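As stored in target-v8.txt (compact mmCIF, N, CA and C atoms):
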# COMPACT_ATOMS: atom_id res chain seq x y z
N MET A 42 0.85 -1.17 0.00
CA MET A 42 0.00 0.00 0.00
C MET A 42 0.90 1.23 0.00
N ASN A 43 0.66 2.13 -0.95
CA ASN A 43 1.45 3.36 -0.97
C ASN A 43 0.71 4.47 -0.22
N LYS A 44 1.29 5.65 -0.19
CA LYS A 44 0.74 6.74 0.62
C LYS A 44 -0.66 7.15 0.16
N SER A 45 -0.88 7.27 -1.14
CA SER A 45 -2.20 7.71 -1.62
C SER A 45 -3.26 6.65 -1.34
N GLN A 46 -2.91 5.38 -1.45
CA GLN A 46 -3.85 4.32 -1.11
C GLN A 46 -4.15 4.34 0.39
N PHE A 47 -3.14 4.63 1.19
CA PHE A 47 -3.31 4.71 2.64
C PHE A 47 -4.24 5.86 2.99
N VAL A 48 -4.05 7.01 2.35
CA VAL A 48 -4.92 8.16 2.58
C VAL A 48 -6.36 7.81 2.20
N ASP A 49 -6.54 7.14 1.07
CA ASP A 49 -7.88 6.72 0.65
C ASP A 49 -8.53 5.81 1.69
N ALA A 50 -7.75 4.88 2.23
CA ALA A 50 -8.27 3.94 3.24
C ALA A 50 -8.64 4.67 4.52
N ILE A 51 -7.82 5.63 4.93
CA ILE A 51 -8.12 6.41 6.13
C ILE A 51 -9.41 7.21 5.93
N ALA A 52 -9.55 7.82 4.75
CA ALA A 52 -10.74 8.61 4.45
C ALA A 52 -11.99 7.72 4.47
N ALA A 53 -11.89 6.55 3.89
CA ALA A 53 -13.05 5.64 3.84
C ALA A 53 -13.42 5.13 5.23
N GLU A 54 -12.41 4.81 6.04
CA GLU A 54 -12.65 4.24 7.38
C GLU A 54 -13.20 5.29 8.35
N SER A 55 -12.70 6.53 8.23
CA SER A 55 -13.05 7.56 9.21
C SER A 55 -14.20 8.46 8.78
N GLY A 56 -14.52 8.45 7.51
CA GLY A 56 -15.56 9.35 7.02
C GLY A 56 -15.04 10.75 6.74
N LEU A 57 -13.73 10.95 6.84
CA LEU A 57 -13.13 12.24 6.51
C LEU A 57 -12.99 12.37 5.00
N SER A 58 -12.81 13.60 4.55
CA SER A 58 -12.50 13.80 3.13
C SER A 58 -11.06 13.35 2.90
N LYS A 59 -10.72 13.11 1.65
CA LYS A 59 -9.34 12.71 1.33
C LYS A 59 -8.34 13.80 1.69
N VAL A 60 -8.74 15.05 1.51
CA VAL A 60 -7.87 16.18 1.86
C VAL A 60 -7.60 16.19 3.36
N ALA A 61 -8.65 16.02 4.16
CA ALA A 61 -8.50 16.02 5.62
C ALA A 61 -7.68 14.80 6.07
N ALA A 62 -7.91 13.66 5.45
CA ALA A 62 -7.15 12.45 5.80
C ALA A 62 -5.67 12.63 5.47
N LYS A 63 -5.40 13.26 4.33
CA LYS A 63 -4.00 13.50 3.95
C LYS A 63 -3.33 14.45 4.93
N LYS A 64 -4.03 15.51 5.34
CA LYS A 64 -3.49 16.46 6.32
C LYS A 64 -3.22 15.76 7.66
N ALA A 65 -4.13 14.89 8.07
CA ALA A 65 -3.96 14.17 9.33
C ALA A 65 -2.75 13.24 9.27
N LEU A 66 -2.61 12.54 8.16
CA LEU A 66 -1.46 11.64 8.00
C LEU A 66 -0.16 12.42 7.99
N GLU A 67 -0.12 13.52 7.25
CA GLU A 67 1.10 14.34 7.20
C GLU A 67 1.43 14.94 8.56
N ALA A 68 0.41 15.32 9.32
CA ALA A 68 0.64 15.84 10.67
C ALA A 68 1.20 14.75 11.57
N PHE A 69 0.65 13.54 11.47
CA PHE A 69 1.16 12.42 12.26
C PHE A 69 2.62 12.15 11.94
N ILE A 70 2.96 12.13 10.66
CA ILE A 70 4.34 11.88 10.25
C ILE A 70 5.26 12.98 10.77
N SER A 71 4.83 14.23 10.65
CA SER A 71 5.64 15.37 11.08
C SER A 71 5.88 15.35 12.59
N VAL A 72 4.81 15.14 13.37
CA VAL A 72 4.94 15.11 14.83
C VAL A 72 5.80 13.93 15.26
N THR A 73 5.63 12.79 14.61
CA THR A 73 6.44 11.61 14.95
C THR A 73 7.91 11.89 14.69
N ALA A 74 8.23 12.46 13.54
CA ALA A 74 9.62 12.75 13.20
C ALA A 74 10.24 13.75 14.18
N LYS A 75 9.50 14.81 14.52
CA LYS A 75 10.01 15.82 15.45
C LYS A 75 10.24 15.22 16.84
N THR A 76 9.31 14.39 17.28
CA THR A 76 9.42 13.78 18.60
C THR A 76 10.61 12.84 18.67
N LEU A 77 10.79 12.02 17.64
CA LEU A 77 11.92 11.08 17.62
C LEU A 77 13.25 11.83 17.50
N LYS A 78 13.27 12.90 16.72
CA LYS A 78 14.49 13.69 16.57
C LYS A 78 14.89 14.31 17.91
N ALA A 79 13.90 14.65 18.73
CA ALA A 79 14.17 15.23 20.05
C ALA A 79 14.65 14.17 21.05
N GLY A 80 14.59 12.90 20.64
CA GLY A 80 15.06 11.83 21.53
C GLY A 80 13.97 11.20 22.38
N ASP A 81 12.75 11.63 22.19
CA ASP A 81 11.63 11.06 22.95
C ASP A 81 11.05 9.86 22.21
N LYS A 82 10.21 9.10 22.91
CA LYS A 82 9.53 7.99 22.25
C LYS A 82 8.04 8.23 22.28
N ILE A 83 7.34 7.57 21.38
CA ILE A 83 5.89 7.70 21.27
C ILE A 83 5.28 6.34 21.54
N THR A 84 4.39 6.27 22.52
CA THR A 84 3.71 5.03 22.84
C THR A 84 2.22 5.19 22.59
N LEU A 85 1.70 4.39 21.68
CA LEU A 85 0.27 4.37 21.38
C LEU A 85 -0.23 3.02 21.90
N VAL A 86 -0.90 3.05 23.03
CA VAL A 86 -1.32 1.83 23.71
C VAL A 86 -2.16 0.97 22.76
N GLY A 87 -1.78 -0.29 22.66
CA GLY A 87 -2.46 -1.23 21.79
C GLY A 87 -1.91 -1.25 20.38
N PHE A 88 -1.33 -0.14 19.92
CA PHE A 88 -0.78 -0.08 18.57
C PHE A 88 0.71 -0.38 18.57
N GLY A 89 1.47 0.38 19.35
CA GLY A 89 2.91 0.13 19.41
C GLY A 89 3.69 1.33 19.89
N THR A 90 5.01 1.18 19.83
CA THR A 90 5.92 2.20 20.32
C THR A 90 6.94 2.55 19.25
N PHE A 91 7.11 3.85 19.02
CA PHE A 91 8.15 4.36 18.13
C PHE A 91 9.27 4.87 19.03
N ALA A 92 10.51 4.52 18.72
CA ALA A 92 11.63 4.99 19.53
C ALA A 92 12.88 5.11 18.65
N VAL A 93 13.88 5.78 19.16
CA VAL A 93 15.16 5.90 18.46
C VAL A 93 16.20 5.11 19.24
N THR A 94 16.96 4.30 18.53
CA THR A 94 18.06 3.59 19.15
C THR A 94 19.35 3.99 18.43
N GLU A 95 20.45 3.83 19.13
CA GLU A 95 21.74 4.17 18.54
C GLU A 95 22.49 2.90 18.20
N LYS A 96 22.99 2.85 16.96
CA LYS A 96 23.83 1.74 16.54
C LYS A 96 25.27 2.20 16.69
N PRO A 97 26.09 1.45 17.39
CA PRO A 97 27.47 1.88 17.58
C PRO A 97 28.30 1.75 16.31
N GLU A 98 29.44 2.41 16.31
CA GLU A 98 30.38 2.27 15.21
C GLU A 98 30.83 0.82 15.14
N ARG A 99 31.02 0.31 13.93
CA ARG A 99 31.45 -1.08 13.80
C ARG A 99 32.32 -1.25 12.57
N LYS A 100 32.98 -2.38 12.52
CA LYS A 100 33.82 -2.70 11.37
C LYS A 100 33.02 -3.49 10.36
N GLY A 101 33.25 -3.21 9.10
CA GLY A 101 32.59 -3.92 8.02
C GLY A 101 33.61 -4.24 6.94
N ARG A 102 33.12 -4.82 5.87
CA ARG A 102 34.01 -5.19 4.78
C ARG A 102 33.36 -4.77 3.47
N ASN A 103 34.14 -4.09 2.62
CA ASN A 103 33.68 -3.73 1.29
C ASN A 103 33.60 -5.03 0.48
N PRO A 104 32.42 -5.42 0.01
CA PRO A 104 32.30 -6.70 -0.69
C PRO A 104 33.04 -6.74 -2.02
N ARG A 105 33.24 -5.59 -2.63
CA ARG A 105 33.92 -5.55 -3.92
C ARG A 105 35.43 -5.68 -3.77
N THR A 106 36.01 -4.91 -2.82
CA THR A 106 37.47 -4.90 -2.67
C THR A 106 37.96 -5.75 -1.51
N LYS A 107 37.06 -6.20 -0.66
CA LYS A 107 37.37 -6.97 0.55
C LYS A 107 38.14 -6.15 1.58
N ALA A 108 38.24 -4.84 1.35
CA ALA A 108 38.94 -3.98 2.31
C ALA A 108 38.06 -3.76 3.53
N GLU A 109 38.71 -3.71 4.70
CA GLU A 109 37.98 -3.47 5.93
C GLU A 109 37.67 -1.98 6.03
N ILE A 110 36.43 -1.66 6.43
CA ILE A 110 36.03 -0.26 6.57
C ILE A 110 35.36 -0.07 7.92
N VAL A 111 35.28 1.18 8.33
CA VAL A 111 34.60 1.52 9.58
C VAL A 111 33.23 2.09 9.22
N ILE A 112 32.19 1.48 9.75
CA ILE A 112 30.83 1.96 9.53
C ILE A 112 30.51 2.86 10.71
N PRO A 113 30.22 4.15 10.46
CA PRO A 113 30.02 5.09 11.56
C PRO A 113 28.76 4.80 12.38
N ALA A 114 28.78 5.28 13.60
CA ALA A 114 27.61 5.15 14.47
C ALA A 114 26.46 5.96 13.88
N LYS A 115 25.23 5.52 14.16
CA LYS A 115 24.08 6.26 13.67
C LYS A 115 22.87 5.98 14.54
N LYS A 116 21.87 6.85 14.40
CA LYS A 116 20.60 6.67 15.10
C LYS A 116 19.60 6.09 14.11
N VAL A 117 18.78 5.15 14.58
CA VAL A 117 17.77 4.54 13.73
C VAL A 117 16.42 4.56 14.44
N ALA A 118 15.37 4.73 13.65
CA ALA A 118 14.01 4.68 14.19
C ALA A 118 13.57 3.23 14.27
N LYS A 119 12.92 2.87 15.35
CA LYS A 119 12.41 1.51 15.53
C LYS A 119 10.95 1.57 15.92
N PHE A 120 10.22 0.52 15.54
CA PHE A 120 8.83 0.39 15.91
C PHE A 120 8.63 -0.99 16.50
N LYS A 121 7.99 -1.03 17.65
CA LYS A 121 7.66 -2.31 18.28
C LYS A 121 6.14 -2.37 18.37
N ALA A 122 5.55 -3.38 17.74
CA ALA A 122 4.11 -3.51 17.71
C ALA A 122 3.56 -3.81 19.10
N GLY A 123 2.41 -3.24 19.41
CA GLY A 123 1.73 -3.50 20.67
C GLY A 123 0.96 -4.81 20.61
N SER A 124 0.45 -5.23 21.75
CA SER A 124 -0.21 -6.53 21.83
C SER A 124 -1.48 -6.60 20.99
N GLU A 125 -2.28 -5.54 20.98
CA GLU A 125 -3.51 -5.58 20.19
C GLU A 125 -3.22 -5.67 18.69
N LEU A 126 -2.23 -4.92 18.23
CA LEU A 126 -1.86 -4.97 16.81
C LEU A 126 -1.32 -6.35 16.47
N SER A 127 -0.47 -6.89 17.33
CA SER A 127 0.09 -8.22 17.09
C SER A 127 -1.00 -9.27 17.01
N GLU A 128 -1.97 -9.19 17.89
CA GLU A 128 -3.06 -10.17 17.91
C GLU A 128 -3.96 -10.02 16.68
N SER A 129 -4.14 -8.79 16.21
CA SER A 129 -5.05 -8.58 15.10
C SER A 129 -4.52 -9.10 13.77
N ILE A 130 -3.21 -9.30 13.67
CA ILE A 130 -2.65 -9.78 12.40
C ILE A 130 -2.37 -11.28 12.40
N LYS A 131 -2.67 -11.95 13.49
CA LYS A 131 -2.43 -13.39 13.55
C LYS A 131 -3.47 -14.13 12.76

Would you give me this structure, written as structure tokens?
Amino acid sequence: MNKSQFVDAIAAESGLSKVAAKKALEAFISVTAKTLKAGDKITLVGFGTFAVTEKPERKGRNPRTKAEIVIPAKKVAKFKAGSELSESIK
């Protein structure tokens, strides 16, 4: 499902117009990104938790040249599904 299909589904499920559904989705994405960038986590009970974790610097290997390289540390967004969401997809 791509973004426009997702907006259509939200509009159909909620009774909102497609324009309002798109604005709501974009607001959710924006608030989520800002919150995670600030280092906070978002917990939606029953749905799941969005959080940021840090991956440490590590050694890797260039598959083409076989030379050893250093992969820098970075922050990654993670999502852990809540119990209700997990149960609903079984």

**Item:** alpha helix (DSSP H) per DSSP on the backbone: members of chain A, as a ChimeraX atom specification
**Value:** /A:44-55,59-78,124-129

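Atom pair CA of Ala50 in chain A / CA of Lys82 in chain A has a distance of 26.4 Å (rounded to one decimal).
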
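The space separating CA of Glu67 in chain A from atom C of Phe47 in chain A comes to 10.9 Å.
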
**Request:** Find the residues around Ala122 in chain A up to 12 Å (only C-alpha atoms counted), leave out those fewer than 3 positions away in its own chain, and share them as number ranges by chain.
**Result:** A: 83-92, 119, 125-130

Looking only at strand (DSSP E or B) from DSSP on the backbone, list the matching residues of chain A as a PDB file with N, CA and C atoms, in the coordinates of the input.
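Done, and the output landed in out-v2.pdb:
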ATOM      1  N   ILE A  83       7.340   7.570  21.380  1.00  0.00           N
ATOM      2  CA  ILE A  83       5.890   7.700  21.270  1.00  0.00           C
ATOM      3  C   ILE A  83       5.280   6.340  21.540  1.00  0.00           C
ATOM      4  N   THR A  84       4.390   6.270  22.520  1.00  0.00           N
ATOM      5  CA  THR A  84       3.710   5.030  22.840  1.00  0.00           C
ATOM      6  C   THR A  84       2.220   5.190  22.590  1.00  0.00           C
ATOM      7  N   LEU A  85       1.700   4.390  21.680  1.00  0.00           N
ATOM      8  CA  LEU A  85       0.270   4.370  21.380  1.00  0.00           C
ATOM      9  C   LEU A  85      -0.230   3.020  21.900  1.00  0.00           C
ATOM     10  N   GLY A  89       1.470   0.380  19.350  1.00  0.00           N
ATOM     11  CA  GLY A  89       2.910   0.130  19.410  1.00  0.00           C
ATOM     12  C   GLY A  89       3.690   1.330  19.890  1.00  0.00           C
ATOM     13  N   THR A  90       5.010   1.180  19.830  1.00  0.00           N
ATOM     14  CA  THR A  90       5.920   2.200  20.320  1.00  0.00           C
ATOM     15  C   THR A  90       6.940   2.550  19.250  1.00  0.00           C
ATOM     16  N   PHE A  91       7.110   3.850  19.020  1.00  0.00           N
ATOM     17  CA  PHE A  91       8.150   4.360  18.130  1.00  0.00           C
ATOM     18  C   PHE A  91       9.270   4.870  19.030  1.00  0.00           C
ATOM     19  N   ALA A  92      10.510   4.520  18.720  1.00  0.00           N
ATOM     20  CA  ALA A  92      11.630   4.990  19.530  1.00  0.00           C
ATOM     21  C   ALA A  92      12.880   5.110  18.650  1.00  0.00           C
ATOM     22  N   VAL A  93      13.880   5.780  19.160  1.00  0.00           N
ATOM     23  CA  VAL A  93      15.160   5.900  18.460  1.00  0.00           C
ATOM     24  C   VAL A  93      16.200   5.110  19.240  1.00  0.00           C
ATOM     25  N   THR A  94      16.960   4.300  18.530  1.00  0.00           N
ATOM     26  CA  THR A  94      18.060   3.590  19.150  1.00  0.00           C
ATOM     27  C   THR A  94      19.350   3.990  18.430  1.00  0.00           C
ATOM     28  N   GLU A  95      20.450   3.830  19.130  1.00  0.00           N
ATOM     29  CA  GLU A  95      21.740   4.170  18.540  1.00  0.00           C
ATOM     30  C   GLU A  95      22.490   2.900  18.200  1.00  0.00           C
ATOM     31  N   LYS A  96      22.990   2.850  16.960  1.00  0.00           N
ATOM     32  CA  LYS A  96      23.830   1.740  16.540  1.00  0.00           C
ATOM     33  C   LYS A  96      25.270   2.200  16.690  1.00  0.00           C
ATOM     34  N   ARG A  99      31.020   0.310  13.930  1.00  0.00           N
ATOM     35  CA  ARG A  99      31.450  -1.080  13.800  1.00  0.00           C
ATOM     36  C   ARG A  99      32.320  -1.250  12.570  1.00  0.00           C
ATOM     37  N   LYS A 100      32.980  -2.380  12.520  1.00  0.00           N
ATOM     38  CA  LYS A 100      33.820  -2.700  11.370  1.00  0.00           C
ATOM     39  C   LYS A 100      33.020  -3.490  10.360  1.00  0.00           C
ATOM     40  N   GLY A 101      33.250  -3.210   9.100  1.00  0.00           N
ATOM     41  CA  GLY A 101      32.590  -3.920   8.020  1.00  0.00           C
ATOM     42  C   GLY A 101      33.610  -4.240   6.940  1.00  0.00           C
ATOM     43  N   ARG A 102      33.120  -4.820   5.870  1.00  0.00           N
ATOM     44  CA  ARG A 102      34.010  -5.190   4.780  1.00  0.00           C
ATOM     45  C   ARG A 102      33.360  -4.770   3.470  1.00  0.00           C
ATOM     46  N   GLU A 109      38.710  -3.710   4.700  1.00  0.00           N
ATOM     47  CA  GLU A 109      37.980  -3.470   5.930  1.00  0.00           C
ATOM     48  C   GLU A 109      37.670  -1.980   6.030  1.00  0.00           C
ATOM     49  N   ILE A 110      36.430  -1.660   6.430  1.00  0.00           N
ATOM     50  CA  ILE A 110      36.030  -0.260   6.570  1.00  0.00           C
ATOM     51  C   ILE A 110      35.360  -0.070   7.920  1.00  0.00           C
ATOM     52  N   VAL A 111      35.280   1.180   8.330  1.00  0.00           N
ATOM     53  CA  VAL A 111      34.600   1.520   9.580  1.00  0.00           C
ATOM     54  C   VAL A 111      33.230   2.090   9.220  1.00  0.00           C
ATOM     55  N   ILE A 112      32.190   1.480   9.750  1.00  0.00           N
ATOM     56  CA  ILE A 112      30.830   1.960   9.530  1.00  0.00           C
ATOM     57  C   ILE A 112      30.510   2.860  10.710  1.00  0.00           C
ATOM     58  N   LYS A 115      25.230   5.520  14.160  1.00  0.00           N
ATOM     59  CA  LYS A 115      24.080   6.260  13.670  1.00  0.00           C
ATOM     60  C   LYS A 115      22.870   5.980  14.540  1.00  0.00           C
ATOM     61  N   LYS A 116      21.870   6.850  14.400  1.00  0.00           N
ATOM     62  CA  LYS A 116      20.600   6.670  15.100  1.00  0.00           C
ATOM     63  C   LYS A 116      19.600   6.090  14.110  1.00  0.00           C
ATOM     64  N   VAL A 117      18.780   5.150  14.580  1.00  0.00           N
ATOM     65  CA  VAL A 117      17.770   4.540  13.730  1.00  0.00           C
ATOM     66  C   VAL A 117      16.420   4.560  14.440  1.00  0.00           C
ATOM     67  N   ALA A 118      15.370   4.730  13.650  1.00  0.00           N
ATOM     68  CA  ALA A 118      14.010   4.680  14.190  1.00  0.00           C
ATOM     69  C   ALA A 118      13.570   3.230  14.270  1.00  0.00           C
ATOM     70  N   LYS A 119      12.920   2.870  15.350  1.00  0.00           N
ATOM     71  CA  LYS A 119      12.410   1.510  15.530  1.00  0.00           C
ATOM     72  C   LYS A 119      10.950   1.570  15.920  1.00  0.00           C
ATOM     73  N   PHE A 120      10.220   0.520  15.540  1.00  0.00           N
ATOM     74  CA  PHE A 120       8.830   0.390  15.910  1.00  0.00           C
ATOM     75  C   PHE A 120       8.630  -0.990  16.500  1.00  0.00           C
ATOM     76  N   LYS A 121       7.990  -1.030  17.650  1.00  0.00           N
ATOM     77  CA  LYS A 121       7.660  -2.310  18.280  1.00  0.00           C
ATOM     78  C   LYS A 121       6.140  -2.370  18.370  1.00  0.00           C
ATOM     79  N   ALA A 122       5.550  -3.380  17.740  1.00  0.00           N
ATOM     80  CA  ALA A 122       4.110  -3.510  17.710  1.00  0.00           C
ATOM     81  C   ALA A 122       3.560  -3.810  19.100  1.00  0.00           C
TER      82      ALA A 122
END

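Note that atom N of Lys121 in chain A and atom N of Ser71 in chain A are 17.1 Å apart.
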
**Request:** Using only N, CA and C atoms, pick whichever of A:Lys107, A:Pro113, A:Ala74, A:Ala118 has the shortest atom-to-atom distance to Val93 in chain A.
**Result:** A:Ala118

**Message:** List the spatial neighbours of Lys59 in chain A as an MDAnalysis selection string - criterion: any atom at most 12 Å away, only C-alpha atoms, same-chain residues fewer than 5 positions off excluded.
**Reply:** chainID A and resid 44:54 64:66

Build an axis-aligned box that encloses every atom of range 53-58 of chain A listed in the file, pad it by 5 Å on each side, and report its centre and edge lengths in Å to one decimal, as lines of an AutoDock Vina configuration file.
center_x = -13.3
center_y = 9.0
center_z = 6.1
size_x = 14.5
size_y = 19.6
size_z = 16.3

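Proximity to Lys96 in chain A was assessed for A:Met42, A:Ile70, A:Val60, A:Val117 counting all atoms listed in the file; the smallest distance is recorded for A:Val117.
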